[in-house]
$ cat entry29.txt   # compact mmCIF, C-alpha atoms and all ligand atoms
# COMPACT_ATOMS: atom_id res chain seq x y z
CA MET A 23 40.57 -53.85 -6.13
CA GLN A 24 39.78 -50.46 -4.62
CA ARG A 25 39.99 -50.31 -0.83
CA SER A 26 38.73 -47.66 1.46
CA TRP A 27 41.40 -48.24 4.07
CA THR A 28 45.08 -48.67 3.69
CA GLU A 29 46.71 -50.64 6.46
CA ALA A 30 47.04 -54.35 6.01
CA ASP A 31 44.95 -56.22 8.53
CA ASP A 32 44.99 -59.95 8.24
CA SER A 33 43.66 -60.70 11.69
CA SER A 34 40.08 -59.86 10.71
CA ALA A 35 40.20 -62.03 7.60
CA THR A 36 37.79 -64.83 8.34
CA LEU A 37 36.88 -67.73 6.22
CA LEU A 38 33.27 -67.24 5.26
CA ARG A 39 32.01 -70.16 3.34
CA VAL A 40 28.38 -70.19 2.47
CA LEU A 41 26.94 -67.63 0.09
CA SER A 42 23.31 -66.56 0.09
CA LEU A 43 22.56 -64.82 -3.19
CA ILE A 44 19.41 -62.72 -3.06
CA LEU A 45 17.62 -62.01 -6.33
CA PRO A 46 14.68 -59.64 -5.91
CA THR A 47 12.30 -59.93 -8.84
CA PHE A 48 9.25 -58.27 -10.24
CA ASN A 49 8.22 -59.38 -13.72
CA GLU A 50 11.49 -61.03 -14.62
CA ALA A 51 10.07 -64.33 -15.93
CA GLN A 52 12.01 -63.96 -19.17
CA ASN A 53 15.27 -62.91 -17.55
CA LEU A 54 15.56 -65.47 -14.78
CA PRO A 55 16.05 -68.56 -16.97
CA GLU A 56 18.84 -66.74 -18.82
CA LEU A 57 20.52 -65.45 -15.67
CA LEU A 58 20.55 -68.47 -13.39
CA PRO A 59 22.85 -70.71 -15.49
CA LYS A 60 25.31 -67.82 -15.79
CA VAL A 61 25.27 -67.32 -12.04
CA GLN A 62 25.75 -71.01 -11.35
CA GLN A 63 28.63 -71.12 -13.77
CA ALA A 64 30.27 -68.03 -12.26
CA LEU A 65 30.01 -69.51 -8.76
CA GLY A 66 31.75 -72.74 -9.71
CA SER A 67 32.37 -74.75 -6.58
CA VAL A 68 31.32 -72.06 -4.08
CA PRO A 69 28.63 -73.47 -1.78
CA TYR A 70 25.58 -71.31 -2.34
CA GLU A 71 21.88 -70.89 -1.95
CA ILE A 72 19.93 -68.61 -4.27
CA ILE A 73 16.90 -66.91 -2.79
CA ILE A 74 14.50 -65.37 -5.25
CA VAL A 75 12.15 -62.91 -3.59
CA ASP A 76 9.29 -62.21 -5.94
CA ASP A 77 6.45 -59.80 -5.24
CA ASP A 78 3.73 -61.94 -6.75
CA SER A 79 4.65 -60.86 -10.28
CA PRO A 80 1.78 -60.83 -12.79
CA ASP A 81 4.09 -62.59 -15.28
CA ARG A 82 4.43 -65.40 -12.73
CA THR A 83 8.18 -65.08 -12.19
CA TRP A 84 7.71 -67.04 -8.96
CA GLU A 85 6.40 -70.01 -10.92
CA VAL A 86 9.32 -69.96 -13.33
CA ALA A 87 11.68 -69.72 -10.36
CA ARG A 88 10.05 -72.65 -8.56
CA GLU A 89 10.28 -74.74 -11.67
CA MET A 90 14.02 -74.11 -11.78
CA GLY A 91 14.26 -74.87 -8.09
CA LYS A 92 13.10 -78.41 -8.80
CA ALA A 93 16.35 -79.12 -10.59
CA ASP A 94 18.51 -77.37 -7.97
CA PRO A 95 17.77 -77.65 -4.24
CA GLY A 96 20.02 -74.61 -3.77
CA ILE A 97 17.31 -72.40 -5.24
CA ARG A 98 14.55 -71.15 -2.95
CA VAL A 99 11.62 -68.92 -3.80
CA ILE A 100 9.61 -66.54 -1.70
CA ARG A 101 6.39 -65.40 -3.31
CA ARG A 102 5.35 -62.33 -1.37
CA VAL A 103 1.70 -61.44 -1.51
CA GLY A 104 0.48 -58.10 -0.21
CA ARG A 105 4.00 -56.81 0.44
CA TRP A 106 6.10 -54.92 -2.05
CA GLY A 107 9.18 -52.84 -2.60
CA LEU A 108 12.72 -53.70 -3.57
CA SER A 109 14.34 -52.86 -0.22
CA SER A 110 11.89 -54.81 1.85
CA ALA A 111 12.16 -57.78 -0.56
CA VAL A 112 15.92 -57.84 -0.10
CA ILE A 113 15.60 -57.68 3.67
CA GLU A 114 13.11 -60.51 3.62
CA GLY A 115 15.64 -62.51 1.62
CA PHE A 116 18.37 -61.74 4.17
CA LEU A 117 16.11 -62.80 7.00
CA THR A 118 15.60 -66.26 5.60
CA ALA A 119 19.17 -66.68 4.36
CA THR A 120 21.36 -69.36 5.93
CA GLY A 121 24.75 -68.23 4.62
CA ASP A 122 27.41 -66.13 6.31
CA MET A 123 27.62 -63.71 3.44
CA PHE A 124 24.84 -62.21 1.44
CA VAL A 125 25.03 -60.88 -2.09
CA VAL A 126 22.25 -58.88 -3.74
CA MET A 127 21.97 -58.70 -7.48
CA ASP A 128 19.43 -57.53 -10.07
CA ALA A 129 17.78 -60.36 -11.94
CA ASP A 130 17.63 -58.59 -15.30
CA GLY A 131 21.16 -59.15 -16.54
CA GLN A 132 22.48 -55.68 -15.70
CA HIS A 133 24.80 -57.05 -13.02
CA ASP A 134 27.67 -59.21 -14.22
CA PRO A 135 27.65 -62.54 -12.31
CA SER A 136 31.42 -62.85 -12.56
CA ILE A 137 31.73 -59.98 -10.05
CA VAL A 138 29.98 -62.00 -7.34
CA THR A 139 33.06 -63.99 -6.37
CA LYS A 140 35.09 -60.76 -6.23
CA LEU A 141 32.57 -59.30 -3.81
CA MET A 142 32.77 -62.46 -1.71
CA GLN A 143 36.54 -62.32 -1.72
CA ALA A 144 36.42 -58.78 -0.37
CA LEU A 145 34.30 -59.98 2.56
CA GLU A 146 36.69 -62.84 3.17
CA GLU A 147 39.52 -60.35 3.32
CA GLY A 148 37.82 -58.34 6.01
CA ALA A 149 35.30 -55.98 4.43
CA GLY A 150 31.88 -55.72 6.08
CA ILE A 151 30.29 -54.57 2.85
CA ALA A 152 31.59 -54.86 -0.70
CA ILE A 153 29.94 -52.77 -3.39
CA GLY A 154 29.80 -53.43 -7.10
CA SER A 155 30.58 -49.83 -7.96
CA ARG A 156 30.00 -47.87 -11.14
CA TYR A 157 31.92 -44.85 -9.98
CA VAL A 158 35.36 -46.13 -9.04
CA GLU A 159 38.10 -46.49 -11.60
CA GLY A 160 37.35 -49.33 -13.97
CA GLY A 161 33.60 -49.14 -13.38
CA GLY A 162 30.94 -47.57 -15.55
CA VAL A 163 27.56 -47.65 -17.20
CA VAL A 164 26.85 -48.80 -20.73
CA GLY A 165 23.78 -48.47 -22.85
CA GLU A 166 20.66 -46.44 -22.96
CA TRP A 167 20.82 -44.22 -19.91
CA ASP A 168 19.05 -41.09 -21.00
CA GLU A 169 20.43 -37.72 -19.95
CA ARG A 170 17.56 -37.18 -17.51
CA ARG A 171 18.11 -40.37 -15.58
CA ALA A 172 21.87 -39.84 -15.57
CA MET A 173 21.42 -36.38 -14.08
CA LEU A 174 18.88 -37.52 -11.48
CA SER A 175 21.22 -40.31 -10.52
CA ARG A 176 24.14 -37.88 -10.06
CA ILE A 177 22.10 -35.54 -7.86
CA ALA A 178 20.65 -38.37 -5.80
CA THR A 179 24.07 -39.94 -5.35
CA ARG A 180 25.58 -36.68 -4.13
CA LEU A 181 22.80 -36.19 -1.58
CA ALA A 182 23.04 -39.78 -0.47
CA ILE A 183 26.79 -39.77 0.09
CA ARG A 184 26.44 -37.03 2.71
CA LEU A 185 24.24 -39.29 4.82
CA CYS A 186 26.42 -42.39 4.79
CA ARG A 187 28.39 -43.36 7.90
CA VAL A 188 31.13 -44.66 5.64
CA LYS A 189 31.92 -42.61 2.54
CA VAL A 190 31.75 -44.46 -0.76
CA LYS A 191 31.45 -43.47 -4.40
CA ASP A 192 28.35 -45.50 -5.31
CA PRO A 193 25.92 -45.80 -2.38
CA MET A 194 22.99 -46.26 -4.79
CA SER A 195 24.27 -49.43 -6.39
CA GLY A 196 21.94 -52.40 -6.33
CA PHE A 197 24.85 -54.85 -6.50
CA PHE A 198 26.67 -55.56 -3.23
CA ALA A 199 27.74 -58.10 -0.64
CA ILE A 200 27.34 -57.84 3.12
CA ARG A 201 28.38 -60.01 6.01
CA ARG A 202 25.59 -61.50 8.06
CA ASP A 203 26.82 -59.95 11.32
CA VAL A 204 27.00 -56.45 9.79
CA PHE A 205 23.44 -56.79 8.50
CA GLU A 206 22.08 -58.12 11.77
CA ASP A 207 23.69 -55.35 13.72
CA ALA A 208 22.07 -52.67 11.52
CA LEU A 209 18.73 -54.46 11.14
CA PRO A 210 16.76 -52.80 13.98
CA ARG A 211 17.60 -49.36 12.59
CA LEU A 212 16.72 -49.97 8.93
CA ASN A 213 13.96 -48.16 7.05
CA PRO A 214 13.19 -50.49 4.16
CA LYS A 215 11.32 -48.02 2.01
CA GLY A 216 11.68 -47.86 -1.74
CA PHE A 217 14.68 -48.98 -3.75
CA LYS A 218 17.78 -47.99 -1.85
CA ILE A 219 18.64 -50.88 0.39
CA LEU A 220 22.40 -50.35 0.14
CA LEU A 221 22.09 -46.68 1.04
CA ASP A 222 19.91 -47.60 4.00
CA LEU A 223 22.58 -50.02 5.19
CA LEU A 224 25.38 -47.48 4.72
CA ILE A 225 23.41 -44.97 6.80
CA HIS A 226 22.83 -47.43 9.61
CA ILE A 227 26.01 -49.46 9.92
CA ARG A 228 28.65 -48.66 12.52
CA PRO A 229 31.05 -45.97 11.30
CA HIS A 230 34.12 -48.16 11.54
CA THR A 231 32.72 -50.82 9.22
CA ARG A 232 35.02 -51.53 6.30
CA VAL A 233 33.44 -50.92 2.94
CA TRP A 234 35.23 -51.73 -0.30
CA GLU A 235 34.20 -50.85 -3.81
CA ILE A 236 34.81 -53.25 -6.64
CA PRO A 237 34.48 -51.71 -10.11
CA PHE A 238 31.91 -53.16 -12.46
CA THR A 239 30.07 -52.06 -15.56
CA PHE A 240 26.34 -51.63 -15.20
CA GLY A 241 25.02 -53.35 -18.29
CA VAL A 242 21.86 -53.30 -20.33
CA ARG A 243 18.64 -54.89 -19.18
CA ALA A 244 17.97 -58.06 -21.19
CA HIS A 245 14.16 -58.10 -21.29
CA GLY A 246 11.33 -56.06 -19.83
CA GLU A 247 11.60 -52.64 -18.30
CA SER A 248 12.95 -50.88 -15.23
CA LYS A 249 10.72 -50.59 -12.18
CA LEU A 250 12.35 -47.37 -11.12
CA SER A 251 9.16 -45.39 -11.60
CA ARG A 252 8.19 -41.87 -10.65
CA ARG A 253 6.63 -43.32 -7.53
CA VAL A 254 10.00 -44.83 -6.58
CA GLN A 255 11.60 -41.42 -7.09
CA ILE A 256 9.08 -39.77 -4.78
CA GLU A 257 9.74 -42.52 -2.24
CA PHE A 258 13.43 -41.69 -2.46
CA ILE A 259 12.79 -38.06 -1.52
CA GLU A 260 10.56 -39.25 1.33
CA TYR A 261 13.33 -41.60 2.40
CA LEU A 262 15.88 -38.76 2.50
CA TYR A 263 13.50 -36.66 4.57
CA GLU A 264 13.02 -39.49 7.05
CA ALA A 265 16.76 -40.10 7.28
CA VAL A 266 17.51 -36.45 8.02
CA LEU A 267 14.54 -34.94 9.84
CA GLY A 268 12.13 -37.81 10.45
CA ARG A 269 13.15 -38.07 14.10
CA PHE A 270 12.03 -34.53 14.82
CA LEU A 271 8.89 -34.27 12.71
CA PRO A 272 7.32 -37.47 11.38
CA LEU A 273 7.02 -37.59 7.60
CA THR A 274 3.31 -38.42 7.73
CA PHE A 275 2.67 -35.27 9.75
CA VAL A 276 4.49 -33.16 7.16
CA GLN A 277 2.54 -34.86 4.38
CA TYR A 278 -0.68 -34.25 6.30
CA CYS A 279 0.17 -30.54 6.57
CA ILE A 280 1.04 -30.28 2.87
CA VAL A 281 -2.30 -31.87 2.00
CA GLY A 282 -4.03 -29.57 4.50
CA ALA A 283 -2.46 -26.49 2.92
CA MET A 284 -3.70 -27.55 -0.49
CA GLY A 285 -7.06 -28.24 1.14
CA VAL A 286 -7.29 -24.59 2.15
CA ALA A 287 -7.07 -23.62 -1.52
CA VAL A 288 -9.79 -26.12 -2.37
CA HIS A 289 -11.90 -24.73 0.47
CA LEU A 290 -11.61 -21.17 -0.86
CA ALA A 291 -12.30 -22.21 -4.43
CA ALA A 292 -15.40 -24.20 -3.50
CA TYR A 293 -16.67 -21.37 -1.32
CA ALA A 294 -16.24 -18.89 -4.16
CA LEU A 295 -17.85 -21.20 -6.70
CA MET A 296 -20.90 -21.87 -4.52
CA GLY A 297 -21.17 -18.20 -3.62
CA TRP A 298 -21.14 -17.32 -7.29
CA MET A 299 -23.80 -19.91 -8.12
CA LEU A 300 -26.06 -18.81 -5.27
CA THR A 301 -25.62 -15.03 -5.38
CA GLY A 302 -23.66 -14.17 -8.51
CA ASP A 303 -20.92 -12.92 -6.21
CA LEU A 304 -17.68 -14.81 -5.69
CA THR A 305 -17.33 -13.72 -2.06
CA PRO A 306 -20.71 -13.72 -0.33
CA THR A 307 -20.74 -12.25 3.19
CA PRO A 308 -23.19 -12.94 6.02
CA ALA A 309 -24.39 -9.33 5.80
CA GLN A 310 -25.37 -9.77 2.12
CA ASP A 311 -27.15 -13.07 2.36
CA SER A 312 -26.69 -15.13 5.50
CA ARG A 313 -28.19 -18.30 4.04
CA ALA A 314 -26.02 -18.26 0.92
CA PHE A 315 -22.99 -17.47 3.04
CA LEU A 316 -23.64 -20.41 5.33
CA LEU A 317 -24.14 -22.79 2.39
CA ALA A 318 -21.01 -21.57 0.63
CA MET A 319 -19.00 -21.98 3.85
CA LEU A 320 -20.31 -25.50 4.43
CA GLY A 321 -19.67 -26.37 0.78
CA GLY A 322 -16.11 -25.10 1.09
CA ILE A 323 -15.50 -27.09 4.26
CA GLU A 324 -16.89 -30.32 2.89
CA ALA A 325 -15.05 -29.94 -0.42
CA ALA A 326 -11.82 -29.53 1.55
CA ILE A 327 -12.66 -32.57 3.67
CA VAL A 328 -13.30 -34.73 0.60
CA PHE A 329 -10.11 -33.49 -1.04
CA ASN A 330 -8.03 -34.04 2.08
CA PHE A 331 -9.45 -37.49 2.62
CA ILE A 332 -8.68 -38.65 -0.91
CA LEU A 333 -5.13 -37.28 -0.91
CA ASN A 334 -4.31 -38.48 2.60
CA ASN A 335 -5.64 -41.90 1.72
CA ALA A 336 -3.58 -42.06 -1.47
CA TRP A 337 -0.36 -40.49 -0.17
CA THR A 338 0.04 -39.64 3.51
CA PHE A 339 -1.33 -42.94 4.75
CA ALA A 340 -0.63 -44.96 1.61
CA ARG A 341 0.68 -47.79 3.76
CA ALA A 342 -2.69 -48.17 5.44
CA ARG A 343 -4.74 -47.22 2.37
CA LEU A 344 -8.46 -47.88 2.67
CA ARG A 345 -10.38 -49.45 -0.18
CA GLY A 346 -14.00 -50.38 -0.89
CA TRP A 347 -16.41 -50.12 2.02
CA ARG A 348 -13.56 -49.48 4.42
CA ALA A 349 -12.88 -46.27 2.53
CA ILE A 350 -16.48 -45.17 3.04
CA LEU A 351 -16.32 -45.95 6.74
CA GLY A 352 -12.98 -44.20 6.94
CA PHE A 353 -14.41 -41.16 5.20
CA LEU A 354 -17.14 -40.93 7.86
CA ARG A 355 -14.54 -41.23 10.61
CA PHE A 356 -12.45 -38.58 8.93
CA ASN A 357 -15.46 -36.23 8.88
CA ALA A 358 -16.11 -36.85 12.56
CA ALA A 359 -12.47 -36.30 13.50
CA CYS A 360 -12.38 -33.08 11.50
CA ALA A 361 -15.62 -31.83 13.11
CA PHE A 362 -14.18 -32.47 16.57
CA GLY A 363 -10.93 -30.89 15.43
CA ALA A 364 -12.81 -27.77 14.39
CA LEU A 365 -14.56 -27.72 17.75
CA ALA A 366 -11.25 -28.14 19.61
CA SER A 367 -9.68 -25.39 17.54
CA TYR A 368 -12.65 -23.10 18.14
CA SER A 369 -12.68 -23.71 21.92
CA VAL A 370 -8.96 -23.15 22.29
CA THR A 371 -9.18 -19.90 20.35
CA LEU A 372 -12.12 -18.66 22.46
CA PHE A 373 -10.34 -19.64 25.67
CA LEU A 374 -7.12 -17.85 24.72
CA PHE A 375 -9.04 -14.79 23.59
CA ALA A 376 -10.74 -14.72 26.96
CA LEU A 377 -7.30 -14.74 28.59
CA GLY A 378 -6.42 -11.71 26.47
CA PHE A 379 -4.07 -13.25 23.91
CA GLY A 380 -5.42 -11.51 20.80
CA PHE A 381 -4.65 -12.84 17.30
CA VAL A 382 -2.18 -15.45 18.56
CA SER A 383 -5.24 -17.29 19.88
CA VAL A 384 -6.41 -17.94 16.33
CA PHE A 385 -3.02 -19.30 15.35
CA VAL A 386 -2.72 -21.58 18.38
CA GLY A 387 -6.32 -22.70 17.83
CA ALA A 388 -5.53 -23.62 14.22
CA LEU A 389 -2.43 -25.51 15.31
CA VAL A 390 -4.38 -27.44 17.93
CA GLY A 391 -6.94 -28.30 15.26
CA VAL A 392 -4.31 -29.68 12.88
CA ILE A 393 -2.52 -31.74 15.53
CA TRP A 394 -5.83 -33.01 16.87
CA ASN A 395 -7.03 -34.03 13.40
CA TYR A 396 -3.75 -35.66 12.54
CA THR A 397 -3.60 -37.66 15.74
CA MET A 398 -7.23 -38.75 15.68
CA ASN A 399 -7.07 -39.76 12.03
CA ARG A 400 -3.85 -41.63 12.54
CA VAL A 401 -5.39 -43.56 15.37
CA PHE A 402 -8.96 -44.02 14.16
CA THR A 403 -9.07 -43.64 10.39
CA TRP A 404 -5.76 -45.02 9.09
CA ARG A 405 -4.64 -47.56 11.61
CA ASP A 406 -1.32 -49.24 10.73
CA ARG A 407 -2.17 -52.80 9.99
N1 LIG B 1 10.64 -58.24 -5.14
C1 LIG B 1 10.74 -57.05 -5.79
N2 LIG B 1 9.86 -56.06 -5.46
N3 LIG B 1 11.68 -56.87 -6.70
C2 LIG B 1 11.75 -55.68 -7.33
C3 LIG B 1 10.87 -54.61 -7.06
C4 LIG B 1 9.87 -54.84 -6.08
O1 LIG B 1 9.07 -53.97 -5.76
N4 LIG B 1 11.21 -53.57 -7.85
C5 LIG B 1 12.26 -53.98 -8.60
N5 LIG B 1 12.57 -55.25 -8.30
C6 LIG B 1 13.66 -56.07 -8.86
C7 LIG B 1 13.68 -56.14 -10.37
O2 LIG B 1 12.91 -57.21 -10.87
C8 LIG B 1 15.16 -56.31 -10.66
O3 LIG B 1 15.54 -57.66 -10.54
C9 LIG B 1 15.83 -55.53 -9.56
O4 LIG B 1 14.88 -55.46 -8.50
C10 LIG B 1 16.21 -54.11 -9.98
O5 LIG B 1 15.08 -53.45 -10.50
P1 LIG B 1 15.14 -52.62 -11.87
O6 LIG B 1 13.79 -52.18 -12.21
O7 LIG B 1 15.89 -53.41 -12.91
O8 LIG B 1 15.99 -51.37 -11.41
P2 LIG B 1 16.96 -50.46 -12.27
O9 LIG B 1 17.80 -51.27 -13.19
O10 LIG B 1 16.20 -49.34 -12.84
O11 LIG B 1 17.88 -49.89 -11.09
C11 LIG B 1 19.03 -50.60 -10.71
O12 LIG B 1 20.10 -49.74 -10.74
C12 LIG B 1 20.03 -48.68 -9.79
C13 LIG B 1 21.24 -47.81 -9.96
O13 LIG B 1 21.05 -46.99 -11.03
C14 LIG B 1 18.86 -51.20 -9.29
O14 LIG B 1 19.93 -52.05 -9.04
C15 LIG B 1 18.81 -50.13 -8.24
O15 LIG B 1 18.84 -50.74 -6.94
C16 LIG B 1 19.99 -49.23 -8.40
O16 LIG B 1 19.92 -48.17 -7.48
MN MN B 2 17.67 -53.19 -13.79
$ encode --input "entry29.txt" --output "structure tokens"
Amino acid sequence: MQRSWTEADDSSATLLRVLSLILPTFNEAQNLPELLPKVQQALGSVPYEIIIVDDDSPDRTWEVAREMGKADPGIRVIRRVGRWGLSSAVIEGFLTATGDMFVVMDADGQHDPSIVTKLMQALEEGAGIAIGSRYVEGGGVVGEWDERRAMLSRIATRLAIRLCRVKVKDPMSGFFAIRRDVFEDALPRLNPKGFKILLDLLIHIRPHTRVWEIPFTFGVRAHGESKLSRRVQIEFIEYLYEAVLGRFLPLTFVQYCIVGAMGVAVHLAAYALMGWMLTGDLTPTPAQDSRAFLLAMLGGIEAAIVFNFILNNAWTFARARLRGWRAILGFLRFNAACAFGALASYSVTLFLFALGFGFVSVFVGALVGVIWNYTMNRVFTWRDR
């Protein structure tokens, strides 16, 4: 057993008895019936509860799980509707758990159930967190990891390690045990976004927490496919940003500005296109043809507004995404906010010019416009539900 501290310390060894095993699932209906008997066998006489947290899987994993729960009162199922994400599923499992120690494990057969008791033993001997680790001696990965995923995983792991309060080799593992008190202490600080619940815990625990790594071999998925999609990878980058800089500049504001910058390009393109259609010239000026210029400008502005709305709705404010008629209403609100934002920007620029500030006035005006738009749209268009 690999330990991250050296001195013997028996005083903190407590007897923790009841295990809460959390199995997050999404489309694992085929895997669950194969896994559960193995888990039960590996646990032997350990008092346990198994909490399956399923995100309303289309393959009805929750139903399969409930069926198995009929034969074993130690199995509980949460079918989450309208909530999703691996990290938040695990936290929801922790929140309803009754045990003193929690273990999290994939439900697809990639995590060896016989490691669970080793993780528990580490907690009993004084660790706050015990990790099933691929990267300590004796651990590893078998099977079909393609070169791309292996490389991404290495880079991500290196970045992640820098952020952890306690240094470990495998902060991205999905297989770990944590004591209830350690979890509850970190809980108010957690950011349950995406896949990396263990990393989130390692970033938010107290620095003196003892973390041990137990080697294990990450196996091959039995049935179905991985849910670690491109979207999850983007969420990971967003997560890192929030962990490092989120306090100073909210992620949604940065996203809003990125969208806005792309919107400027759309604005210019639409202006040029309309100018070309109306006058045959890509860059109409008011002196040439004031009507065509005005139309091209308005076209550019509205094209940018439509573009920004769609992208902000899909990405920046994905958590409060508007659909159906709400999206139409939201689009109107967005237009109104942007019109007021333009007015605010214009007035500030005029005012500063009048005070003699020169070109800086335009810059400050633009900044005021962006912050105004962002704030108004946050409050009125994409309200956090
Ligand atoms: N409830 C819920 N909601 N469960 C989910 C979700 C979700 O959005 N996404 C995935 N799961 C479940 C899966 O059903 C599976 O039981 C487990 O979480 C892990 O998901 P996989 O899709 O099998 O992930 P993976 O094998 O690619 O990644 C594993 O290894 C990584 C290290 O390389 C996971 O253990 C990761 O956490 C780990 O970082
Ligand atoms: Mn897996």
$ closest_residue --input "entry29.txt" --among "A:Asn357, A:Asn395, A:Ser110, A:Ser367" --to "ligand LIG 1 (chain B)" --atoms "only C-alpha atoms and all ligand atoms"
A:Ser110
$ closest_atom_pairs --input "entry29.txt" --of "chain A" --to "ligand LIG 1 (chain B)" --cutoff "6 Å" --atoms "all atoms listed in the file" --output "Markdown table"
| residue | atom | partner | partner_atom | distance |
| --- | --- | --- | --- | --- |
| A:Pro46 | CA | B:LIG1 | N3 | 4.2 |
| A:Thr47 | CA | B:LIG1 | O2 | 3.4 |
| A:Phe48 | CA | B:LIG1 | O2 | 3.9 |
| A:Asn49 | CA | B:LIG1 | O2 | 5.9 |
| A:Glu50 | CA | B:LIG1 | O2 | 5.5 |
| A:Val75 | CA | B:LIG1 | N1 | 5.1 |
| A:Asp76 | CA | B:LIG1 | N1 | 4.3 |
| A:Asp77 | CA | B:LIG1 | N1 | 4.5 |
| A:Trp106 | CA | B:LIG1 | O1 | 4.8 |
| A:Gly107 | CA | B:LIG1 | O1 | 3.4 |
| A:Leu108 | CA | B:LIG1 | C4 | 4.0 |
| A:Ala111 | CA | B:LIG1 | N1 | 4.8 |
| A:Asp128 | CA | B:LIG1 | O3 | 3.9 |
| A:Ala129 | CA | B:LIG1 | O3 | 3.8 |
| A:Asp130 | CA | B:LIG1 | O3 | 5.3 |
| A:Met194 | CA | B:LIG1 | O16 | 4.5 |
| A:Ser195 | CA | B:LIG1 | O16 | 4.7 |
| A:Gly196 | CA | B:LIG1 | O14 | 3.4 |
| A:Phe217 | CA | B:LIG1 | O15 | 5.5 |
| A:Lys218 | CA | B:LIG1 | O15 | 5.9 |
| A:Ser248 | CA | B:LIG1 | O6 | 3.4 |
| A:Lys249 | CA | B:LIG1 | O6 | 3.5 |
| A:Leu250 | CA | B:LIG1 | O10 | 4.7 |
$ residues_around --input "entry29.txt" --residues "Asp222 of chain A" --least-positions-apart "6" --cutoff "9 Å" --atoms "all atoms listed in the file" --output "MDAnalysis selection string"
chainID A and resid 109 186 193 212:215 265
$ residues_near_point --input "entry29.txt" --point "(-16.9, -34.2, 9.0)" --cutoff "12 Å" --atoms "all atoms listed in the file" --output "list in words"
Leu320, Gly321, Ile323, Glu324, Ala325, Ala326, Ile327, Val328, Asn330, Phe331, Leu351, Gly352, Phe353, Leu354, Arg355, Phe356, Asn357, Ala358, Ala359, Cys360, Ala361, Phe362, Gly363, Ala364, Leu365, Asn395 and Asn399 of chain A
$ closest_residue --input "entry29.txt" --among "A:Met299, A:Met127, A:Val266, A:Val61" --to "ligand MN 2 (chain B)" --atoms "all atoms listed in the file"
A:Met127
$ closest_residue --input "entry29.txt" --among "A:Gly131, A:Gly380, A:Gly148, A:Gly154" --to "ligand MN 2 (chain B)" --atoms "all atoms listed in the file"
A:Gly131
$ closest_residue --input "entry29.txt" --among "A:Leu117, A:Ala244, A:Leu295, A:Ile259" --to "ligand MN 2 (chain B)" --atoms "only C-alpha atoms and all ligand atoms"
A:Ala244
$ atom_distance --input "entry29.txt" --atom1 "atom CA of Met319 of chain A" --atom2 "atom CA of Trp298 of chain A"
12.3 Å
$ closest_residue --input "entry29.txt" --among "A:Leu304, A:Leu41, A:Leu141, A:Ala376" --to "Ala291 of chain A" --atoms "all atoms listed in the file"
A:Leu304
$ closest_residue --input "entry29.txt" --among "A:Arg253, A:His230, A:His133, A:Arg269" --to "Val164 of chain A" --atoms "only C-alpha atoms"
A:His133
$ residues_around --input "entry29.txt" --residues "Ile100 of chain A" --least-positions-apart "4" --cutoff "12 Å" --atoms "only C-alpha atoms" --output "tab-separated table (two decimals) with C-alpha atoms, keeping the file's coordinate frame"
chain	number	residue	atom	x	y	z
A	44	ILE	CA	19.41	-62.72	-3.06
A	45	LEU	CA	17.62	-62.01	-6.33
A	46	PRO	CA	14.68	-59.64	-5.91
A	47	THR	CA	12.30	-59.93	-8.84
A	48	PHE	CA	9.25	-58.27	-10.24
A	72	ILE	CA	19.93	-68.61	-4.27
A	73	ILE	CA	16.90	-66.91	-2.79
A	74	ILE	CA	14.50	-65.37	-5.25
A	75	VAL	CA	12.15	-62.91	-3.59
A	76	ASP	CA	9.29	-62.21	-5.94
A	77	ASP	CA	6.45	-59.80	-5.24
A	78	ASP	CA	3.73	-61.94	-6.75
A	79	SER	CA	4.65	-60.86	-10.28
A	83	THR	CA	8.18	-65.08	-12.19
A	84	TRP	CA	7.71	-67.04	-8.96
A	85	GLU	CA	6.40	-70.01	-10.92
A	87	ALA	CA	11.68	-69.72	-10.36
A	88	ARG	CA	10.05	-72.65	-8.56
A	91	GLY	CA	14.26	-74.87	-8.09
A	105	ARG	CA	4.00	-56.81	0.44
A	111	ALA	CA	12.16	-57.78	-0.56
A	112	VAL	CA	15.92	-57.84	-0.10
A	113	ILE	CA	15.60	-57.68	3.67
A	114	GLU	CA	13.11	-60.51	3.62
A	115	GLY	CA	15.64	-62.51	1.62
A	116	PHE	CA	18.37	-61.74	4.17
A	117	LEU	CA	16.11	-62.80	7.00
A	118	THR	CA	15.60	-66.26	5.60
A	119	ALA	CA	19.17	-66.68	4.36
$ atom_distance --input "entry29.txt" --atom1 "atom CA of Pro229 of chain A" --atom2 "atom CA of Arg187 of chain A"
5.0 Å
$ atom_distance --input "entry29.txt" --atom1 "atom CA of Ser42 of chain A" --atom2 "atom CA of Gly121 of chain A"
5.0 Å
$ axis_aligned_box --input "entry29.txt" --around "segment 66-73 of chain A" --padding-each-side "6 Å" --output "AutoDock Vina command-line options"
--center_x 24.6 --center_y -70.8 --center_z -5.7 --size_x 27.5 --size_y 19.8 --size_z 19.9
$ residues_around --input "entry29.txt" --residues "Gly165 of chain A" --least-positions-apart "3" --cutoff "12 Å" --atoms "all atoms listed in the file" --output "number ranges by chain"
A: 132, 162, 168-169, 172, 239-244
